[in-house]
Amino acid sequence: MSSLSTKHLLGIKDLSAEDIQLIFSTADNFKEVLNRQIKKVPSLRDITIANLFFENSTRTRLSFELAEKRLSADIVNFSASSSSVSKGETLIDTVNNILAMKVDIVVMRHPHAGAANFLARHVNARIVNAGDGAHEHPTQALLDAYSIREKEGSLKGKKVVIVGDILHSRVALSNIFCLQKMGAEVMVCGPTTLMPKYISSLGVKVSHNLREALNWCDVANMLRIQMERQDIRYFPSLREYIQLFGLNMDMLNSLKKPVTIMHPGPINRGVEITSEVADSVQSIILNQVENGVAIRMAVLYLLASRVD
Ligand code: CP
């Protein structure tokens, strides 16, 4: 297989295991390029990409931009806070104006679930979802799964626990779809109030006990509490959350076997994990960031080279 089955990357739900495998093997090639002295290839020399960020981002925005530059694409950047969106312009009008400038691929982050799917139905360009509300964050899940594969050798049969605010997390949902498609077992762990009611129907194990979850898994992906998406209080106090679901070195060192620690960022040090855990030898957090560039190069390259 040398071509993706989808025209856009809107969510992991739309990808097959073969698509994910193709993205990984393409990323392997680009990772080799990124370790060369000259890190740039001409693969997307005639392609123009618009990065539309309607919501804050550090890692994803920089990682896409770097991936695009490494592939020699022409790029335009847009952030909602400094645009005419603040003057009342609609999403479709904003994007159609950008497309009139002959853009081939749109990478978009948006606070509303479904925004990327909406765009894909209305504009004539490849769309890459860089995170839409609490729905999906496909490139994050791809780089997470790729990093586990790199560390553990394979995803098949690996046990991965996702800890924290599952209810508001697009990272959790995309990770669940991606890991299951690649043969891993998934558990989610957190307070009952931060678990979606439908969670068991996704075929994941559910735990409300951090020690039990960590003793079950090979890999723990620690999520932050998404305060910006919470309209009510979901737990009595941050102190209580840290006591029950925060990971510190005492807990990590007392587990039955070593556990690989991941975090999609941004980290709230001292909340979901302590600084010592984030910076420990068991943490692959910076490997995730490094792999993000190769994964995004692979996604952009495969979408641009796909013949309809
Ligand atoms: N992991 C992630 O999406 O981080 P940013 O919000 O900084 O892009």
# chains A, B, ... in the order shown; residues from 1 in each chain; ligands from 1
>>> closest_atom_pairs(of="chain A", to="ligand 1", cutoff="10 Å", atoms="only C-alpha atoms and all ligand atoms", output="Markdown table")
| residue | atom | partner | partner_atom_place_in_ligand_line | distance |
| --- | --- | --- | --- | --- |
| A:Phe53 | CA | ligand 1 | 8 (O) | 9.7 |
| A:Glu55 | CA | ligand 1 | 6 (O) | 8.3 |
| A:Asn56 | CA | ligand 1 | 6 (O) | 6.3 |
| A:Ser57 | CA | ligand 1 | 8 (O) | 3.8 |
| A:Thr58 | CA | ligand 1 | 7 (O) | 3.6 |
| A:Arg59 | CA | ligand 1 | 7 (O) | 4.0 |
| A:Thr60 | CA | ligand 1 | 8 (O) | 3.7 |
| A:Arg61 | CA | ligand 1 | 8 (O) | 5.9 |
| A:Leu62 | CA | ligand 1 | 8 (O) | 8.0 |
| A:Ser63 | CA | ligand 1 | 8 (O) | 8.4 |
| A:Phe64 | CA | ligand 1 | 8 (O) | 9.7 |
| A:Arg109 | CA | ligand 1 | 8 (O) | 8.8 |
| A:Ala130 | CA | ligand 1 | 3 (O) | 7.6 |
| A:Gly131 | CA | ligand 1 | 3 (O) | 7.0 |
| A:His137 | CA | ligand 1 | 3 (O) | 7.4 |
| A:Pro138 | CA | ligand 1 | 3 (O) | 9.9 |
| A:Thr139 | CA | ligand 1 | 3 (O) | 8.9 |
| A:Gln140 | CA | ligand 1 | 1 (N) | 6.4 |
| A:Ala141 | CA | ligand 1 | 1 (N) | 9.5 |
| A:Asp144 | CA | ligand 1 | 1 (N) | 9.9 |
| A:Arg170 | CA | ligand 1 | 3 (O) | 9.1 |
| A:Val171 | CA | ligand 1 | 1 (N) | 7.8 |
| A:Leu223 | CA | ligand 1 | 1 (N) | 9.7 |
| A:His263 | CA | ligand 1 | 1 (N) | 8.1 |
| A:Pro264 | CA | ligand 1 | 1 (N) | 4.4 |
| A:Gly265 | CA | ligand 1 | 1 (N) | 4.7 |
| A:Pro266 | CA | ligand 1 | 4 (O) | 5.6 |
| A:Ile267 | CA | ligand 1 | 4 (O) | 9.2 |
| A:Gln288 | CA | ligand 1 | 1 (N) | 9.5 |
| A:Val289 | CA | ligand 1 | 1 (N) | 8.6 |
| A:Gly292 | CA | ligand 1 | 1 (N) | 9.6 |
>>> write_last_selection(atoms="N, CA, C and O atoms", output="CSV table (one decimal), in the first residue's frame")
chain,number,residue,atom,x,y,z
A,53,PHE,N,-5.1,28.6,13.0
A,53,PHE,CA,-5.2,28.3,14.4
A,53,PHE,C,-6.2,29.2,15.1
A,53,PHE,O,-5.9,30.4,15.3
A,55,GLU,N,-7.5,28.5,18.0
A,55,GLU,CA,-7.3,28.2,19.4
A,55,GLU,C,-5.8,28.1,19.7
A,55,GLU,O,-5.0,27.8,18.8
A,56,ASN,N,-5.4,28.4,20.9
A,56,ASN,CA,-4.0,28.4,21.2
A,56,ASN,C,-3.3,27.1,21.0
A,56,ASN,O,-3.9,26.0,21.2
A,57,SER,N,-2.0,27.2,20.7
A,57,SER,CA,-1.2,26.0,20.5
A,57,SER,C,0.3,26.4,20.5
A,57,SER,O,0.6,27.5,20.0
A,58,THR,N,1.1,25.6,21.1
A,58,THR,CA,2.5,25.8,21.0
A,58,THR,C,3.1,24.6,20.1
A,58,THR,O,3.6,24.8,19.0
A,59,ARG,N,3.0,23.4,20.7
A,59,ARG,CA,3.7,22.2,20.1
A,59,ARG,C,3.1,21.9,18.6
A,59,ARG,O,3.9,21.8,17.7
A,60,THR,N,1.8,21.9,18.5
A,60,THR,CA,1.2,21.4,17.3
A,60,THR,C,1.5,22.4,16.2
A,60,THR,O,1.9,22.1,15.0
A,61,ARG,N,1.3,23.7,16.5
A,61,ARG,CA,1.5,24.8,15.5
A,61,ARG,C,3.0,24.8,15.0
A,61,ARG,O,3.3,24.8,13.8
A,62,LEU,N,3.9,24.8,16.0
A,62,LEU,CA,5.4,24.8,15.6
A,62,LEU,C,5.8,23.6,14.9
A,62,LEU,O,6.6,23.6,13.9
A,63,SER,N,5.2,22.4,15.3
A,63,SER,CA,5.6,21.1,14.7
A,63,SER,C,5.1,21.1,13.3
A,63,SER,O,5.8,20.6,12.4
A,64,PHE,N,3.9,21.5,13.0
A,64,PHE,CA,3.4,21.5,11.6
A,64,PHE,C,4.2,22.5,10.8
A,64,PHE,O,4.6,22.2,9.7
A,109,ARG,N,-6.8,24.1,13.6
A,109,ARG,CA,-7.2,23.8,15.0
A,109,ARG,C,-8.4,24.8,15.3
A,109,ARG,O,-8.3,25.9,14.9
A,130,ALA,N,-6.0,19.7,13.2
A,130,ALA,CA,-4.9,19.8,14.2
A,130,ALA,C,-5.6,19.9,15.6
A,130,ALA,O,-4.9,20.5,16.6
A,131,GLY,N,-6.8,19.4,15.8
A,131,GLY,CA,-7.5,19.4,17.1
A,131,GLY,C,-8.8,20.2,17.0
A,131,GLY,O,-8.7,21.4,16.6
A,137,HIS,N,-7.7,14.7,17.8
A,137,HIS,CA,-6.4,15.3,17.6
A,137,HIS,C,-5.6,14.2,16.9
A,137,HIS,O,-4.7,13.7,17.6
A,138,PRO,N,-5.9,13.9,15.6
A,138,PRO,CA,-5.3,12.7,15.0
A,138,PRO,C,-3.7,12.7,15.0
A,138,PRO,O,-3.1,11.7,15.2
A,139,THR,N,-3.1,13.9,14.6
A,139,THR,CA,-1.6,13.8,14.5
A,139,THR,C,-1.0,13.6,15.9
A,139,THR,O,0.1,13.0,16.0
A,140,GLN,N,-1.7,14.0,17.0
A,140,GLN,CA,-1.1,13.8,18.4
A,140,GLN,C,-1.2,12.3,18.6
A,140,GLN,O,-0.2,11.7,19.1
A,141,ALA,N,-2.3,11.6,18.3
A,141,ALA,CA,-2.4,10.2,18.5
A,141,ALA,C,-1.4,9.4,17.7
A,141,ALA,O,-0.8,8.4,18.2
A,144,ASP,N,1.9,9.8,19.3
A,144,ASP,CA,2.0,9.1,20.5
A,144,ASP,C,2.2,7.6,20.3
A,144,ASP,O,3.0,6.9,20.9
A,170,ARG,N,-9.6,15.5,23.5
A,170,ARG,CA,-9.5,15.0,22.1
A,170,ARG,C,-8.4,14.0,21.9
A,170,ARG,O,-8.4,13.1,21.1
A,171,VAL,N,-7.3,14.2,22.8
A,171,VAL,CA,-6.1,13.4,22.7
A,171,VAL,C,-6.5,11.9,23.1
A,171,VAL,O,-6.1,10.9,22.5
A,223,LEU,N,-2.7,13.0,31.1
A,223,LEU,CA,-3.3,14.1,30.5
A,223,LEU,C,-3.5,15.3,31.6
A,223,LEU,O,-3.7,15.0,32.7
A,263,HIS,N,3.2,12.3,27.9
A,263,HIS,CA,2.3,13.4,28.2
A,263,HIS,C,2.3,14.2,26.9
A,263,HIS,O,3.3,14.5,26.3
A,264,PRO,N,1.0,14.6,26.4
A,264,PRO,CA,0.9,15.3,25.1
A,264,PRO,C,1.3,16.8,25.2
A,264,PRO,O,1.6,17.4,24.2
A,265,GLY,N,1.4,17.3,26.5
A,265,GLY,CA,1.7,18.7,26.7
A,265,GLY,C,0.4,19.5,26.4
A,265,GLY,O,-0.4,19.1,25.7
A,266,PRO,N,0.3,20.7,26.9
A,266,PRO,CA,1.3,21.3,27.8
A,266,PRO,C,1.1,20.7,29.2
A,266,PRO,O,0.0,20.3,29.6
A,267,ILE,N,2.2,20.5,29.9
A,267,ILE,CA,2.2,19.9,31.3
A,267,ILE,C,1.9,20.9,32.3
A,267,ILE,O,2.4,22.0,32.3
A,288,GLN,N,8.3,12.3,22.1
A,288,GLN,CA,7.0,12.6,21.5
A,288,GLN,C,7.1,13.8,20.6
A,288,GLN,O,6.6,13.8,19.5
A,289,VAL,N,7.6,14.9,21.2
A,289,VAL,CA,7.7,16.2,20.5
A,289,VAL,C,8.6,16.0,19.2
A,289,VAL,O,8.2,16.4,18.1
A,292,GLY,N,6.8,14.1,16.5
A,292,GLY,CA,5.7,14.9,16.0
A,292,GLY,C,6.1,15.5,14.6
A,292,GLY,O,5.2,15.5,13.7
>>> residues_around(residues="Met251 in chain A", least_positions_apart="3", cutoff="12 Å", atoms="only C-alpha atoms", output="PyMOL selection string")
chain A and resi 210-215+243-248+254-259+273-274+276-277
>>> write_last_selection(atoms="N, CA, C and O atoms", output="CSV table (one decimal), in the first residue's frame")
chain,number,residue,atom,x,y,z
A,210,LEU,N,-5.4,5.0,40.5
A,210,LEU,CA,-4.2,5.2,39.7
A,210,LEU,C,-3.2,4.1,39.9
A,210,LEU,O,-2.6,3.6,39.0
A,211,ARG,N,-3.0,3.6,41.2
A,211,ARG,CA,-2.0,2.6,41.4
A,211,ARG,C,-2.4,1.3,40.7
A,211,ARG,O,-1.5,0.7,40.0
A,212,GLU,N,-3.6,0.9,40.7
A,212,GLU,CA,-4.1,-0.3,40.1
A,212,GLU,C,-3.9,-0.1,38.5
A,212,GLU,O,-3.4,-1.1,37.9
A,213,ALA,N,-4.2,1.0,38.0
A,213,ALA,CA,-4.0,1.3,36.6
A,213,ALA,C,-2.5,1.2,36.2
A,213,ALA,O,-2.2,0.6,35.2
A,214,LEU,N,-1.7,1.8,37.0
A,214,LEU,CA,-0.2,1.8,36.6
A,214,LEU,C,0.4,0.4,36.8
A,214,LEU,O,1.3,0.1,36.0
A,215,ASN,N,-0.1,-0.4,37.7
A,215,ASN,CA,0.4,-1.7,37.9
A,215,ASN,C,-0.1,-2.7,36.7
A,215,ASN,O,0.5,-3.7,36.5
A,243,GLN,N,-3.8,14.3,45.0
A,243,GLN,CA,-3.6,13.2,45.9
A,243,GLN,C,-4.0,11.9,45.3
A,243,GLN,O,-3.4,10.8,45.4
A,244,LEU,N,-5.1,11.9,44.5
A,244,LEU,CA,-5.7,10.7,44.0
A,244,LEU,C,-5.2,10.3,42.6
A,244,LEU,O,-5.0,9.1,42.2
A,245,PHE,N,-4.9,11.3,41.7
A,245,PHE,CA,-4.5,11.0,40.3
A,245,PHE,C,-3.2,11.6,39.9
A,245,PHE,O,-2.8,11.5,38.7
A,246,GLY,N,-2.5,12.4,40.7
A,246,GLY,CA,-1.2,12.9,40.4
A,246,GLY,C,-0.1,11.9,40.5
A,246,GLY,O,-0.1,11.1,41.5
A,247,LEU,N,0.8,11.8,39.6
A,247,LEU,CA,1.9,10.8,39.6
A,247,LEU,C,3.2,11.4,40.1
A,247,LEU,O,3.7,12.4,39.5
A,248,ASN,N,3.7,10.9,41.2
A,248,ASN,CA,5.0,11.3,41.7
A,248,ASN,C,6.0,10.2,41.7
A,248,ASN,O,5.7,9.0,41.4
A,254,SER,N,7.5,2.6,43.2
A,254,SER,CA,6.9,1.5,44.0
A,254,SER,C,6.0,0.6,43.1
A,254,SER,O,5.4,-0.4,43.7
A,255,LEU,N,6.0,0.8,41.8
A,255,LEU,CA,5.2,-0.1,40.9
A,255,LEU,C,5.9,-1.4,40.7
A,255,LEU,O,7.1,-1.6,40.9
A,256,LYS,N,5.1,-2.4,40.3
A,256,LYS,CA,5.7,-3.8,40.1
A,256,LYS,C,6.7,-3.9,39.0
A,256,LYS,O,7.6,-4.7,39.0
A,257,LYS,N,6.6,-3.0,38.0
A,257,LYS,CA,7.6,-3.0,36.9
A,257,LYS,C,7.7,-1.6,36.3
A,257,LYS,O,6.8,-0.7,36.6
A,258,PRO,N,8.8,-1.3,35.6
A,258,PRO,CA,9.0,0.1,35.1
A,258,PRO,C,7.9,0.4,34.1
A,258,PRO,O,7.5,-0.4,33.3
A,259,VAL,N,7.4,1.6,34.2
A,259,VAL,CA,6.3,2.1,33.3
A,259,VAL,C,6.8,3.3,32.5
A,259,VAL,O,7.5,4.2,33.0
A,273,ILE,N,1.5,15.3,36.8
A,273,ILE,CA,2.8,14.6,37.1
A,273,ILE,C,3.7,15.7,37.8
A,273,ILE,O,3.7,16.9,37.5
A,274,THR,N,4.6,15.2,38.6
A,274,THR,CA,5.6,16.1,39.2
A,274,THR,C,6.7,16.3,38.2
A,274,THR,O,6.9,15.6,37.2
A,276,GLU,N,9.9,15.8,38.6
A,276,GLU,CA,10.8,14.7,38.7
A,276,GLU,C,10.3,13.6,37.7
A,276,GLU,O,11.1,12.9,37.0
A,277,VAL,N,9.0,13.3,37.7
A,277,VAL,CA,8.5,12.2,36.8
A,277,VAL,C,8.6,12.7,35.3
A,277,VAL,O,9.1,11.9,34.5
>>> select_by_dssp(residues="range 66-246 of chain A", states="helix (DSSP H, G or I)", output="VMD selection string")
chain A and resid 66 to 70 80 to 82 84 to 87 91 to 99 115 to 122 138 to 152 170 to 181 192 to 194 199 to 202 210 to 216 227 to 229 238 to 245
>>> closest_residue(among="A:Ile261, A:Ile225, A:Cys178, A:Ala220", to="Leu202 in chain A", atoms="only C-alpha atoms")
A:Cys178
>>> residues_around(residues="Ile242 in chain A", least_positions_apart="5", cutoff="8 Å", atoms="only C-alpha atoms", output="PDB file with N, CA, C and O atoms, in the first residue's frame")
ATOM      1  N   LEU A 247       0.830  11.826  39.573  1.00  0.00           N
ATOM      2  CA  LEU A 247       1.894  10.813  39.603  1.00  0.00           C
ATOM      3  C   LEU A 247       3.190  11.446  40.099  1.00  0.00           C
ATOM      4  O   LEU A 247       3.672  12.424  39.523  1.00  0.00           O
ATOM      5  N   GLY A 270       3.486  19.322  38.698  1.00  0.00           N
ATOM      6  CA  GLY A 270       2.983  19.331  40.072  1.00  0.00           C
ATOM      7  C   GLY A 270       1.497  19.033  40.161  1.00  0.00           C
ATOM      8  O   GLY A 270       0.963  18.913  41.259  1.00  0.00           O
ATOM      9  N   VAL A 271       0.823  18.910  39.014  1.00  0.00           N
ATOM     10  CA  VAL A 271      -0.597  18.514  39.047  1.00  0.00           C
ATOM     11  C   VAL A 271      -0.687  17.061  38.564  1.00  0.00           C
ATOM     12  O   VAL A 271      -0.637  16.150  39.372  1.00  0.00           O
ATOM     13  N   GLU A 272      -0.777  16.833  37.244  1.00  0.00           N
ATOM     14  CA  GLU A 272      -0.907  15.442  36.772  1.00  0.00           C
ATOM     15  C   GLU A 272       0.392  14.642  36.940  1.00  0.00           C
ATOM     16  O   GLU A 272       0.349  13.433  37.166  1.00  0.00           O
TER      17      GLU A 272
END
>>> residues_around(residues="Tyr301 in chain A", least_positions_apart="2", cutoff="8 Å", atoms="only C-alpha atoms", output="number ranges by chain")
A: 43-44, 71, 297-299, 303-305
>>> closest_residue(among="A:Val41, A:Ala113, A:Val188, A:Ile12", to="Ala145 in chain A", atoms="only C-alpha atoms")
A:Ile12
>>> closest_residue(among="A:Glu150, A:Glu228, A:Glu68, A:Glu136", to="Arg45 in chain A", atoms="only C-alpha atoms")
A:Glu68
>>> atom_distance(atom1="CA of Asp250 in chain A", atom2="CA of Val204 in chain A")
27.3 Å
>>> select_by_dssp(residues="range 73-250 of chain A", states="strand (DSSP E or B)", output="PyMOL selection string")
chain A and resi 74-79+105-110+126-132+136+159-163+185-189+205-207+219-222+247
>>> closest_residue(among="A:Pro42, A:Pro236, A:Gly11, A:Gly183", to="Ala116 in chain A", atoms="only C-alpha atoms")
A:Gly11
>>> residues_around(residues="Ile20 in chain A", least_positions_apart="4", cutoff="10 Å", atoms="only C-alpha atoms", output="JSON, numbers by chain")
{"A": [4, 12, 15, 16, 24, 25, 26, 142, 145, 146, 178, 181, 182, 299]}
>>> closest_residue(among="A:Ala115, A:Met249, A:Met222, A:Val206", to="Gly164 in chain A", atoms="only C-alpha atoms")
A:Met222
>>> closest_residue(among="A:Thr193, A:Lys13, A:Lys205, A:Lys151", to="Ser283 in chain A", atoms="only C-alpha atoms")
A:Lys151
